[in-house]
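start.cif follows (mmCIF, C-alpha atoms and all ligand atoms):
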```cif
data_protein
#
loop_
_atom_site.label_atom_id
_atom_site.label_comp_id
_atom_site.auth_asym_id
_atom_site.auth_seq_id
_atom_site.Cartn_x
_atom_site.Cartn_y
_atom_site.Cartn_z
CA MET A 1 -9.65 -17.27 20.20
CA SER A 2 -8.31 -20.45 18.59
CA ASP A 3 -8.79 -21.32 14.95
CA GLN A 4 -10.93 -24.18 16.12
CA SER A 5 -13.47 -21.97 17.81
CA ILE A 6 -13.56 -19.55 14.87
CA ASN A 7 -14.00 -22.52 12.58
CA SER A 8 -16.97 -23.69 14.49
CA HIS A 9 -18.70 -20.31 14.45
CA SER A 10 -17.82 -18.46 11.30
CA ALA A 11 -20.08 -18.61 8.28
CA LEU A 12 -16.86 -18.19 6.34
CA ASN A 13 -16.23 -21.82 6.96
CA ASP A 14 -19.74 -22.84 6.10
CA VAL A 15 -19.46 -23.42 2.39
CA ASP A 16 -23.11 -24.27 2.16
CA ASP A 17 -23.82 -20.69 3.07
CA ARG A 18 -26.15 -19.59 0.27
CA SER A 19 -24.48 -16.22 -0.11
CA LEU A 20 -21.30 -17.95 -1.17
CA LEU A 21 -23.02 -19.88 -3.90
CA GLU A 22 -25.69 -17.60 -5.27
CA ASP A 23 -25.17 -15.62 -8.45
CA ALA A 24 -24.53 -12.04 -7.72
CA ASP A 25 -25.26 -9.13 -9.97
CA GLY A 26 -26.08 -6.47 -7.41
CA ASP A 27 -24.32 -3.14 -7.41
CA LEU A 28 -21.19 -2.60 -5.41
CA PHE A 29 -21.22 -0.57 -2.26
CA ASP A 30 -19.87 2.89 -1.91
CA VAL A 31 -16.71 2.87 0.12
CA GLU A 32 -15.94 5.61 2.57
CA GLN A 33 -12.69 7.09 1.43
CA ASP A 34 -12.82 10.32 3.28
CA PHE A 35 -9.33 10.88 4.59
CA ASP A 36 -8.76 14.55 5.18
CA PRO A 37 -5.12 15.15 6.05
CA PHE A 38 -5.96 18.47 7.66
CA ALA A 39 -8.88 17.30 9.78
CA GLU A 40 -6.49 16.25 12.56
CA LEU A 41 -4.74 19.62 12.76
CA ASP A 42 -5.50 22.09 15.51
CA ASP A 43 -5.56 25.86 14.94
CA ASP A 44 -1.86 26.38 15.77
CA GLU A 45 -0.83 23.68 13.34
CA LEU A 46 -3.05 25.09 10.64
CA ASP A 47 -1.60 28.56 11.25
CA ALA A 48 1.93 27.17 11.01
CA MET A 49 1.00 25.47 7.77
CA LEU A 50 -0.46 28.65 6.32
CA ALA A 51 2.64 30.59 7.38
CA LYS A 52 4.75 28.05 5.58
CA ALA A 53 2.61 28.28 2.47
CA GLU A 54 3.10 32.04 2.55
CA GLY A 55 6.86 31.62 2.59
CA GLY A 56 7.97 31.36 6.16
CA PHE A 57 8.00 28.74 8.89
CA ASP A 58 8.52 29.87 12.44
CA ALA A 59 9.71 26.91 14.51
CA THR A 60 9.31 28.75 17.79
CA ALA A 61 5.71 29.72 17.05
CA SER A 62 4.77 26.20 16.07
CA GLY A 63 6.17 24.67 19.24
CA VAL A 64 8.50 22.19 17.54
CA PRO A 65 12.24 22.22 18.28
CA GLU A 66 14.51 24.41 16.16
CA GLY A 67 15.59 22.54 13.06
CA PHE A 68 12.64 20.09 13.10
CA ARG A 69 12.03 18.70 9.61
CA SER A 70 8.83 17.40 8.06
CA GLY A 71 7.53 16.49 4.64
CA PHE A 72 6.54 13.86 2.15
CA VAL A 73 8.48 11.14 0.35
CA ALA A 74 6.90 9.07 -2.45
CA LEU A 75 8.06 5.52 -3.12
CA VAL A 76 7.83 4.89 -6.87
CA GLY A 77 9.01 2.14 -9.18
CA ARG A 78 8.03 -0.84 -11.26
CA PRO A 79 5.54 -3.36 -9.85
CA ASN A 80 7.20 -5.73 -7.38
CA ALA A 81 10.18 -3.43 -6.72
CA GLY A 82 9.52 -3.64 -2.97
CA LYS A 83 7.77 -0.32 -2.28
CA SER A 84 5.15 -1.59 0.17
CA THR A 85 7.72 -3.75 1.96
CA LEU A 86 9.94 -0.69 2.49
CA LEU A 87 6.98 1.34 3.78
CA ASN A 88 6.18 -1.43 6.29
CA ALA A 89 9.82 -1.64 7.38
CA CYS A 90 10.01 2.13 7.97
CA PHE A 91 6.65 2.16 9.75
CA GLY A 92 7.68 -0.81 11.91
CA GLN A 93 4.46 -2.72 11.33
CA LYS A 94 2.86 -4.38 8.36
CA VAL A 95 0.14 -2.01 7.18
CA ALA A 96 0.59 -2.14 3.41
CA ILE A 97 -0.07 -5.49 1.79
CA THR A 98 2.74 -7.16 -0.16
CA SER A 99 2.97 -10.16 -2.48
CA PRO A 100 5.08 -11.58 -5.30
CA VAL A 101 2.21 -10.70 -7.67
CA ALA A 102 2.91 -7.58 -9.74
CA GLN A 103 0.49 -4.71 -9.12
CA THR A 104 -0.37 -5.71 -5.59
CA THR A 105 -0.76 -2.08 -4.56
CA ARG A 106 -3.95 -0.49 -5.89
CA ARG A 107 -4.39 2.32 -3.42
CA ARG A 108 -1.91 4.97 -2.58
CA MET A 109 -1.19 4.61 1.14
CA ARG A 110 0.37 7.23 3.36
CA ALA A 111 2.05 6.31 6.62
CA VAL A 112 3.30 8.85 9.14
CA ILE A 113 6.59 7.99 10.77
CA ASN A 114 8.10 9.93 13.64
CA ARG A 115 11.77 10.01 14.51
CA GLU A 116 13.84 12.31 16.68
CA GLY A 117 13.78 15.70 14.97
CA CYS A 118 11.54 14.79 12.06
CA GLN A 119 8.17 13.61 10.87
CA ILE A 120 7.99 11.92 7.48
CA VAL A 121 4.89 10.99 5.53
CA ILE A 122 5.80 8.01 3.34
CA VAL A 123 3.57 7.58 0.31
CA ASP A 124 3.38 4.09 -1.17
CA THR A 125 2.23 4.17 -4.79
CA PRO A 126 1.00 1.52 -7.26
CA GLY A 127 3.77 0.05 -9.42
CA LEU A 128 4.20 1.90 -12.72
CA HIS A 129 3.59 -0.41 -15.69
CA LYS A 130 2.20 -0.59 -19.20
CA PRO A 131 -1.55 -0.55 -18.56
CA LYS A 132 -3.76 -3.25 -20.08
CA ASP A 133 -7.11 -1.93 -18.84
CA SER A 134 -8.77 1.07 -17.20
CA LEU A 135 -7.72 -0.19 -13.79
CA GLY A 136 -4.05 -0.20 -14.89
CA SER A 137 -4.36 3.36 -16.25
CA GLU A 138 -5.86 4.54 -12.96
CA LEU A 139 -3.03 2.93 -10.99
CA ASN A 140 -0.41 4.66 -13.13
CA LYS A 141 -2.23 7.98 -12.85
CA SER A 142 -2.32 7.64 -9.08
CA ALA A 143 1.41 6.91 -8.84
CA LEU A 144 2.46 9.64 -11.27
CA SER A 145 0.38 12.29 -9.52
CA GLU A 146 2.47 11.76 -6.37
CA ILE A 147 5.78 12.45 -8.10
CA GLY A 148 4.91 16.08 -8.64
CA ASP A 149 3.56 16.57 -5.16
CA VAL A 150 6.24 15.54 -2.66
CA ASP A 151 9.53 16.81 -1.25
CA VAL A 152 11.46 13.64 -2.05
CA VAL A 153 10.97 10.94 -4.67
CA ALA A 154 12.53 7.57 -3.89
CA PHE A 155 12.92 5.53 -7.08
CA LEU A 156 13.01 1.87 -6.08
CA VAL A 157 14.84 -0.54 -8.36
CA ASP A 158 14.94 -4.30 -7.74
CA ALA A 159 18.62 -5.28 -7.47
CA THR A 160 17.88 -8.75 -8.85
CA LYS A 161 16.02 -7.75 -12.03
CA PRO A 162 17.95 -6.18 -14.91
CA ILE A 163 16.93 -2.60 -15.57
CA GLY A 164 14.70 -2.50 -18.62
CA ARG A 165 12.45 -0.24 -20.64
CA GLY A 166 9.91 -0.16 -17.84
CA ASP A 167 12.44 1.30 -15.42
CA ALA A 168 13.57 3.79 -18.08
CA TRP A 169 9.99 4.96 -18.48
CA VAL A 170 9.55 5.43 -14.72
CA ALA A 171 12.92 7.19 -14.66
CA GLU A 172 11.75 9.77 -17.22
CA HIS A 173 8.99 10.81 -14.85
CA VAL A 174 11.32 10.84 -11.85
CA ALA A 175 13.88 12.92 -13.75
CA ALA A 176 11.22 15.49 -14.61
CA SER A 177 10.26 15.96 -10.96
CA ARG A 178 11.51 18.97 -9.02
CA ALA A 179 11.73 16.90 -5.85
CA THR A 180 14.95 15.53 -4.37
CA LYS A 181 15.68 12.20 -6.06
CA ILE A 182 16.95 9.16 -4.20
CA LEU A 183 17.86 5.88 -5.87
CA VAL A 184 16.96 2.92 -3.66
CA LEU A 185 18.28 -0.42 -4.81
CA THR A 186 16.09 -3.03 -3.08
CA LYS A 187 16.39 -6.72 -2.11
CA ALA A 188 20.11 -6.52 -1.34
CA ASP A 189 19.79 -9.72 0.69
CA ILE A 190 19.15 -11.81 -2.44
CA ALA A 191 21.38 -9.93 -4.89
CA ASN A 192 25.03 -10.71 -5.50
CA PRO A 193 27.67 -7.94 -5.43
CA GLN A 194 28.00 -7.88 -9.23
CA GLN A 195 24.27 -7.35 -9.60
CA VAL A 196 24.38 -4.49 -7.11
CA THR A 197 27.28 -2.79 -8.89
CA SER A 198 25.87 -3.14 -12.38
CA GLN A 199 22.36 -2.08 -11.33
CA LEU A 200 23.74 1.04 -9.69
CA GLU A 201 25.73 1.88 -12.82
CA GLU A 202 22.70 1.40 -15.07
CA ALA A 203 20.37 3.37 -12.81
CA ARG A 204 22.79 6.32 -12.66
CA LYS A 205 22.52 6.63 -16.43
CA LEU A 206 18.77 7.18 -16.15
CA VAL A 207 18.49 9.95 -13.56
CA ASP A 208 20.81 12.43 -11.90
CA PHE A 209 20.17 11.22 -8.36
CA ASP A 210 20.91 13.32 -5.28
CA GLU A 211 21.55 10.19 -3.20
CA GLU A 212 21.68 6.43 -3.58
CA LEU A 213 21.20 3.62 -1.11
CA VAL A 214 21.22 -0.17 -1.21
CA VAL A 215 18.61 -1.65 1.15
CA SER A 216 17.00 -4.87 2.26
CA SER A 217 13.61 -4.15 3.77
CA THR A 218 13.08 -7.75 4.84
CA GLU A 219 16.41 -7.82 6.70
CA GLY A 220 16.17 -4.25 7.97
CA PHE A 221 19.42 -3.38 6.19
CA ASN A 222 19.76 0.39 5.62
CA VAL A 223 16.09 1.03 6.39
CA GLU A 224 16.92 3.58 9.08
CA ALA A 225 19.63 5.00 6.82
CA PHE A 226 16.90 5.57 4.23
CA VAL A 227 14.77 7.39 6.81
CA SER A 228 17.73 9.59 7.82
CA VAL A 229 18.64 10.45 4.24
CA VAL A 230 15.04 11.39 3.44
CA ALA A 231 14.81 13.49 6.60
CA SER A 232 17.99 15.38 5.71
CA TYR A 233 16.33 16.62 2.50
CA LEU A 234 13.03 17.69 4.05
CA PRO A 235 12.32 21.35 4.72
CA GLU A 236 12.11 22.66 8.24
CA GLY A 237 8.50 22.52 9.29
CA PRO A 238 6.02 21.54 11.99
CA LYS A 239 4.65 18.15 12.88
CA TRP A 240 1.70 18.01 10.52
CA PHE A 241 0.12 15.00 12.21
CA PRO A 242 -0.27 13.71 15.76
CA ASP A 243 2.28 11.04 16.75
CA ASP A 244 -0.33 8.30 16.70
CA MET A 245 -1.66 9.20 13.25
CA GLY A 246 -0.55 5.93 11.65
CA VAL A 247 -1.85 5.40 8.14
CA ASP A 248 -4.50 7.16 6.08
CA ALA A 249 -6.39 3.98 5.22
CA SER A 250 -9.82 3.58 6.80
CA ASP A 251 -10.49 0.48 8.92
CA GLU A 252 -12.69 -0.89 6.12
CA THR A 253 -9.87 -0.39 3.62
CA LEU A 254 -7.44 -2.33 5.81
CA VAL A 255 -9.94 -5.19 6.04
CA SER A 256 -10.48 -5.38 2.28
CA GLU A 257 -6.75 -5.05 1.55
CA PHE A 258 -5.71 -7.84 3.92
CA VAL A 259 -8.38 -10.14 2.47
CA ARG A 260 -7.12 -9.29 -1.02
CA GLU A 261 -3.53 -10.01 0.00
CA LYS A 262 -4.48 -13.56 0.98
CA VAL A 263 -6.21 -14.02 -2.37
CA LEU A 264 -3.00 -12.87 -4.11
CA LEU A 265 -0.90 -15.25 -2.05
CA HIS A 266 -3.03 -18.32 -2.70
CA THR A 267 -4.32 -17.97 -6.27
CA ARG A 268 -2.57 -17.87 -9.60
CA GLU A 269 -2.67 -16.58 -13.14
CA GLU A 270 -5.54 -14.25 -13.88
CA ILE A 271 -7.34 -14.46 -10.53
CA PRO A 272 -5.18 -11.98 -8.55
CA HIS A 273 -5.76 -9.28 -11.15
CA ALA A 274 -9.50 -9.99 -11.47
CA VAL A 275 -10.16 -9.63 -7.75
CA GLY A 276 -11.59 -6.60 -6.01
CA VAL A 277 -12.59 -6.64 -2.34
CA LEU A 278 -15.01 -4.51 -0.37
CA CYS A 279 -15.48 -4.58 3.37
CA ASP A 280 -19.25 -4.22 3.82
CA GLY A 281 -19.64 -4.98 7.49
CA PHE A 282 -17.64 -3.57 10.39
CA GLU A 283 -19.10 -3.73 13.87
CA TYR A 284 -17.66 -4.01 17.39
CA LYS A 285 -19.69 -6.31 19.65
CA ARG A 286 -18.05 -5.99 23.07
CA ASP A 287 -14.57 -7.50 22.63
CA LEU A 288 -15.39 -9.05 19.25
CA LEU A 289 -14.97 -7.27 15.92
CA LYS A 290 -17.53 -8.60 13.42
CA LEU A 291 -16.42 -8.16 9.83
CA HIS A 292 -17.93 -8.96 6.49
CA ALA A 293 -16.17 -8.62 3.16
CA THR A 294 -17.21 -9.46 -0.39
CA ILE A 295 -14.64 -10.68 -2.88
CA TYR A 296 -15.57 -9.77 -6.45
CA VAL A 297 -14.23 -11.67 -9.44
CA GLU A 298 -15.01 -11.31 -13.14
CA ARG A 299 -16.17 -14.80 -14.07
CA GLU A 300 -18.07 -17.78 -12.63
CA GLY A 301 -15.00 -20.00 -13.15
CA GLN A 302 -12.88 -17.65 -11.03
CA LYS A 303 -15.51 -17.75 -8.32
CA GLY A 304 -15.34 -21.54 -8.27
CA ILE A 305 -11.54 -21.47 -7.95
CA LEU A 306 -11.71 -18.94 -5.15
CA ILE A 307 -14.21 -20.97 -3.16
CA GLY A 308 -12.24 -24.15 -3.87
CA LYS A 309 -13.04 -27.77 -3.37
CA ARG A 310 -15.43 -28.09 -0.45
CA GLY A 311 -14.70 -24.44 0.28
CA GLU A 312 -11.11 -25.05 1.29
CA MET A 313 -9.62 -22.08 -0.56
CA ILE A 314 -12.00 -19.47 0.83
CA LYS A 315 -11.63 -20.96 4.28
CA ARG A 316 -7.85 -20.64 4.11
CA ILE A 317 -8.07 -17.05 2.86
CA GLY A 318 -10.45 -16.21 5.70
CA ILE A 319 -8.37 -17.80 8.45
CA GLU A 320 -5.17 -16.06 7.36
CA ALA A 321 -6.85 -12.69 6.86
CA ARG A 322 -8.50 -12.96 10.27
CA ARG A 323 -5.12 -13.57 11.94
CA ASP A 324 -3.67 -10.39 10.41
CA LEU A 325 -6.77 -8.38 11.26
CA GLU A 326 -6.71 -9.52 14.89
CA ARG A 327 -3.13 -8.23 15.08
CA ILE A 328 -4.01 -4.92 13.40
CA PHE A 329 -7.14 -4.19 15.42
CA ASP A 330 -5.79 -5.85 18.56
CA THR A 331 -9.02 -7.70 19.25
CA ARG A 332 -10.80 -10.96 18.44
CA VAL A 333 -12.22 -10.94 14.94
CA TYR A 334 -15.12 -12.81 13.39
CA LEU A 335 -14.82 -12.62 9.61
CA GLU A 336 -17.38 -13.60 7.01
CA LEU A 337 -16.56 -13.65 3.31
CA ASP A 338 -18.78 -13.81 0.24
CA VAL A 339 -17.63 -14.30 -3.34
CA LYS A 340 -19.56 -12.59 -6.13
CA VAL A 341 -19.18 -12.11 -9.87
CA LYS A 342 -18.97 -8.63 -11.39
CA GLN A 343 -18.19 -9.01 -15.05
CA GLY A 344 -15.69 -6.60 -16.62
CA TRP A 345 -15.31 -4.41 -13.53
CA ARG A 346 -11.70 -3.55 -14.46
CA GLU A 347 -13.00 -1.56 -17.42
CA ASP A 348 -15.70 0.18 -15.41
CA GLN A 349 -14.61 3.53 -13.91
CA GLY A 350 -17.55 3.57 -11.50
CA GLN A 351 -16.69 0.18 -10.05
CA ILE A 352 -12.99 1.00 -9.90
CA ARG A 353 -13.90 4.08 -7.87
CA ARG A 354 -16.22 2.16 -5.55
CA PHE A 355 -13.42 -0.29 -4.80
CA GLY A 356 -11.22 2.70 -3.93
CA TYR A 357 -8.70 1.94 -6.69
CA SER A 358 -9.16 5.16 -8.64
CA ALA A 359 -6.48 7.84 -8.92
CA ASP A 360 -8.83 10.41 -7.32
CA GLU A 361 -9.01 8.51 -4.02
N1 LIG A 401 14.23 -10.98 -0.32
C1 LIG A 401 13.59 -9.80 -0.30
N2 LIG A 401 12.34 -9.72 -0.83
C2 LIG A 401 11.73 -8.52 -0.81
C3 LIG A 401 12.34 -7.35 -0.27
N3 LIG A 401 11.48 -6.32 -0.44
C4 LIG A 401 10.39 -6.84 -1.03
N4 LIG A 401 10.52 -8.15 -1.25
C5 LIG A 401 9.54 -9.07 -1.86
O1 LIG A 401 9.24 -8.63 -3.17
C6 LIG A 401 7.85 -8.85 -3.45
C7 LIG A 401 7.19 -7.54 -3.88
O2 LIG A 401 7.25 -6.65 -2.78
P1 LIG A 401 6.17 -5.47 -2.63
O3 LIG A 401 6.62 -4.65 -1.46
O4 LIG A 401 4.78 -6.01 -2.62
O5 LIG A 401 6.45 -4.70 -3.98
P2 LIG A 401 5.72 -3.39 -4.55
O6 LIG A 401 6.76 -2.56 -5.22
O7 LIG A 401 4.93 -2.71 -3.48
O8 LIG A 401 4.79 -4.06 -5.64
P3 LIG A 401 3.47 -3.46 -6.39
O9 LIG A 401 2.38 -3.39 -5.38
O10 LIG A 401 3.23 -4.49 -7.45
O11 LIG A 401 3.83 -2.13 -6.97
C8 LIG A 401 7.23 -9.45 -2.20
O12 LIG A 401 7.18 -10.85 -2.34
C9 LIG A 401 8.22 -9.05 -1.10
O13 LIG A 401 8.24 -9.96 -0.03
C10 LIG A 401 13.65 -7.48 0.30
O14 LIG A 401 14.26 -6.53 0.82
N5 LIG A 401 14.22 -8.73 0.23
#
```

Go ahead and render the structure in this file as structure tokens.
Ligand SMILES: Nc1nc2c(ncn2[C@@H]2O[C@H](COP(=O)(O)OP(=O)(O)OP(=O)(O)O)[C@@H](O)[C@H]2O)c(=O)[nH]1
Amino acid sequence: MSDQSINSHSALNDVDDRSLLEDADGDLFDVEQDFDPFAELDDDELDAMLAKAEGGFDATASGVPEGFRSGFVALVGRPNAGKSTLLNACFGQKVAITSPVAQTTRRRMRAVINREGCQIVIVDTPGLHKPKDSLGSELNKSALSEIGDVDVVAFLVDATKPIGRGDAWVAEHVAASRATKILVLTKADIANPQQVTSQLEEARKLVDFDEELVVSSTEGFNVEAFVSVVASYLPEGPKWFPDDMGVDASDETLVSEFVREKVLLHTREEIPHAVGVLCDGFEYKRDLLKLHATIYVEREGQKGILIGKRGEMIKRIGIEARRDLERIFDTRVYLELDVKVKQGWREDQGQIRRFGYSADE
């Protein structure tokens, strides 16, 4: 479907739509966040997992080739280090949203990647930072909880930004982990050789790394090398997930995240941080996927900016989000957006949870 035909049908583009303009003080919706990593396993796989937990993995019994490796790697680092971009590059498709805005990632996302002889679950975490509100504390909690729970921790450091106190603080947590530690210097394509050398030297002072790699996720440089290095440190084990497992985000989560990414890309200053998105309508009608999402901001002024002059901003956000969603769901998409005000939601644990941004998700 062309933009023109979507334009002519979607209420998204109808800025006189009352729902876009009315004041909103209703409660947020509950989001379904019910990913159960074990729900997909059959009895044999569960048995193999239990055997492993009890101290032994029998490759023959589990049906995977001798020497097959599987496990979890967490990507951690400061906001903007390039964690989500590396996850997308390893996965081979954009599933985690990315933007130049710090703290883009608010939900831990796990993506299953399969390569010859191994299955790796890559865990993207929110950037670790000094929290300014309850939302920030939740994001840190979520990222830190992963460090203690995986086989490998990849500490991502931006090659172009001098290592500072923030990195040192992240490094303390990485150093304390019992997992294998890999230093990943990111954005090699825009760093000069001196930056790379000095960043590596500085990072080595922070943690005793088992391995180090310089990568460019956007250029695909050393992405497969990263996968191979991670795989070499994983324990022998079964395929925990079916090959087509993909990511642990629900369809509704992907919708709300891709809408939020477009908000981050097109707005400035406080708006990106004040925005929370919920997908509250998801319905297939023959070959059309009908979606509805509500964008929550904290103040009336922010709502006005988001809608824009004659609705141009919200229209742009909707068109770009729809394009991504058509690619992800491989079908035509009809997307409606509302903008509502929810004052002070970033200090409200209940709302943070309903958006799916809490550490317990
Ligand atoms: N040139 C270049 N830019 C990159 C590379 N990796 C990431 N970026 C850019 O850096 C910015 C931040 O990338 P993200 O992947 O969103 O960073 P993140 O660590 O997930 O950020 P948070 O969600 O804030 O924790 C985006 O604008 C990316 O396009 C790279 O290899 N090269």

* Please, which residues have at least one atom within 9 Å of an atom of ligand LIG 401 (chain A), using all atoms listed in the file, listed as a PyMOL selection string? -> chain A and resi 75-88+96-106+124-129+156-158+186-191+215-221

* Smallest atom-to-atom distance to Arg316 in chain A: which of A:Lys141, A:His173, A:Lys262, A:Arg115, using all atoms listed in the file? ->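 Using all atoms listed in the file, Arg316 in chain A sits closest to A:Lys262.
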
* Asked: For Lys340 in chain A, which of A:Leu213, A:Val112, A:Ile122, A:Val275 is the closest residue, counting all atoms listed in the file?
  ->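 Of A:Leu213, A:Val112, A:Ile122, A:Val275, the one nearest Lys340 in chain A, counting all atoms listed in the file, is A:Val275.
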
Could you list, with a cut-off of 12 Å and counting all atoms listed in the file, the residues of range 175-222 of chain A near range 233-245 of chain A, each shown with its nearest atom pair and the distance in Å rounded to one decimal, rows sorted by chain and ascending number, as CSV?
```
residue,atom,partner,partner_atom,distance
A:Ala179,CA,A:Tyr233,CA,9.5
A:Thr180,CA,A:Tyr233,CA,7.1
A:Lys181,CA,A:Tyr233,CA,9.7
A:Ile182,CA,A:Tyr233,CA,10.0
A:Asp210,CA,A:Tyr233,CA,9.6
A:Glu211,CA,A:Tyr233,CA,10.1
```

* Please identify all polymer residues within 9 Å of Val263 in chain A, counting only C-alpha atoms, omitting same-chain residues fewer than 5 positions from it, and present them as a list in words. => Phe258, Arg268, Ile271, Pro272, Val275, Leu306, Met313, Ile314 and Ile317 of chain A

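Put simply, CA of Glu224 in chain A is 12.8 Å away from CA of Val184 in chain A.
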
* **Distance of CA of Val333 in chain A from CA of Tyr284 in chain A, expressed in Å to one decimal place** => 9.1 Å

* **Among the residues A:Ser256, A:Asn114, A:Leu183, A:Gly276, the one that comes closest to Ile352 in chain A [using all atoms listed in the file]** =>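 Nearest to Ile352 in chain A: A:Gly276.
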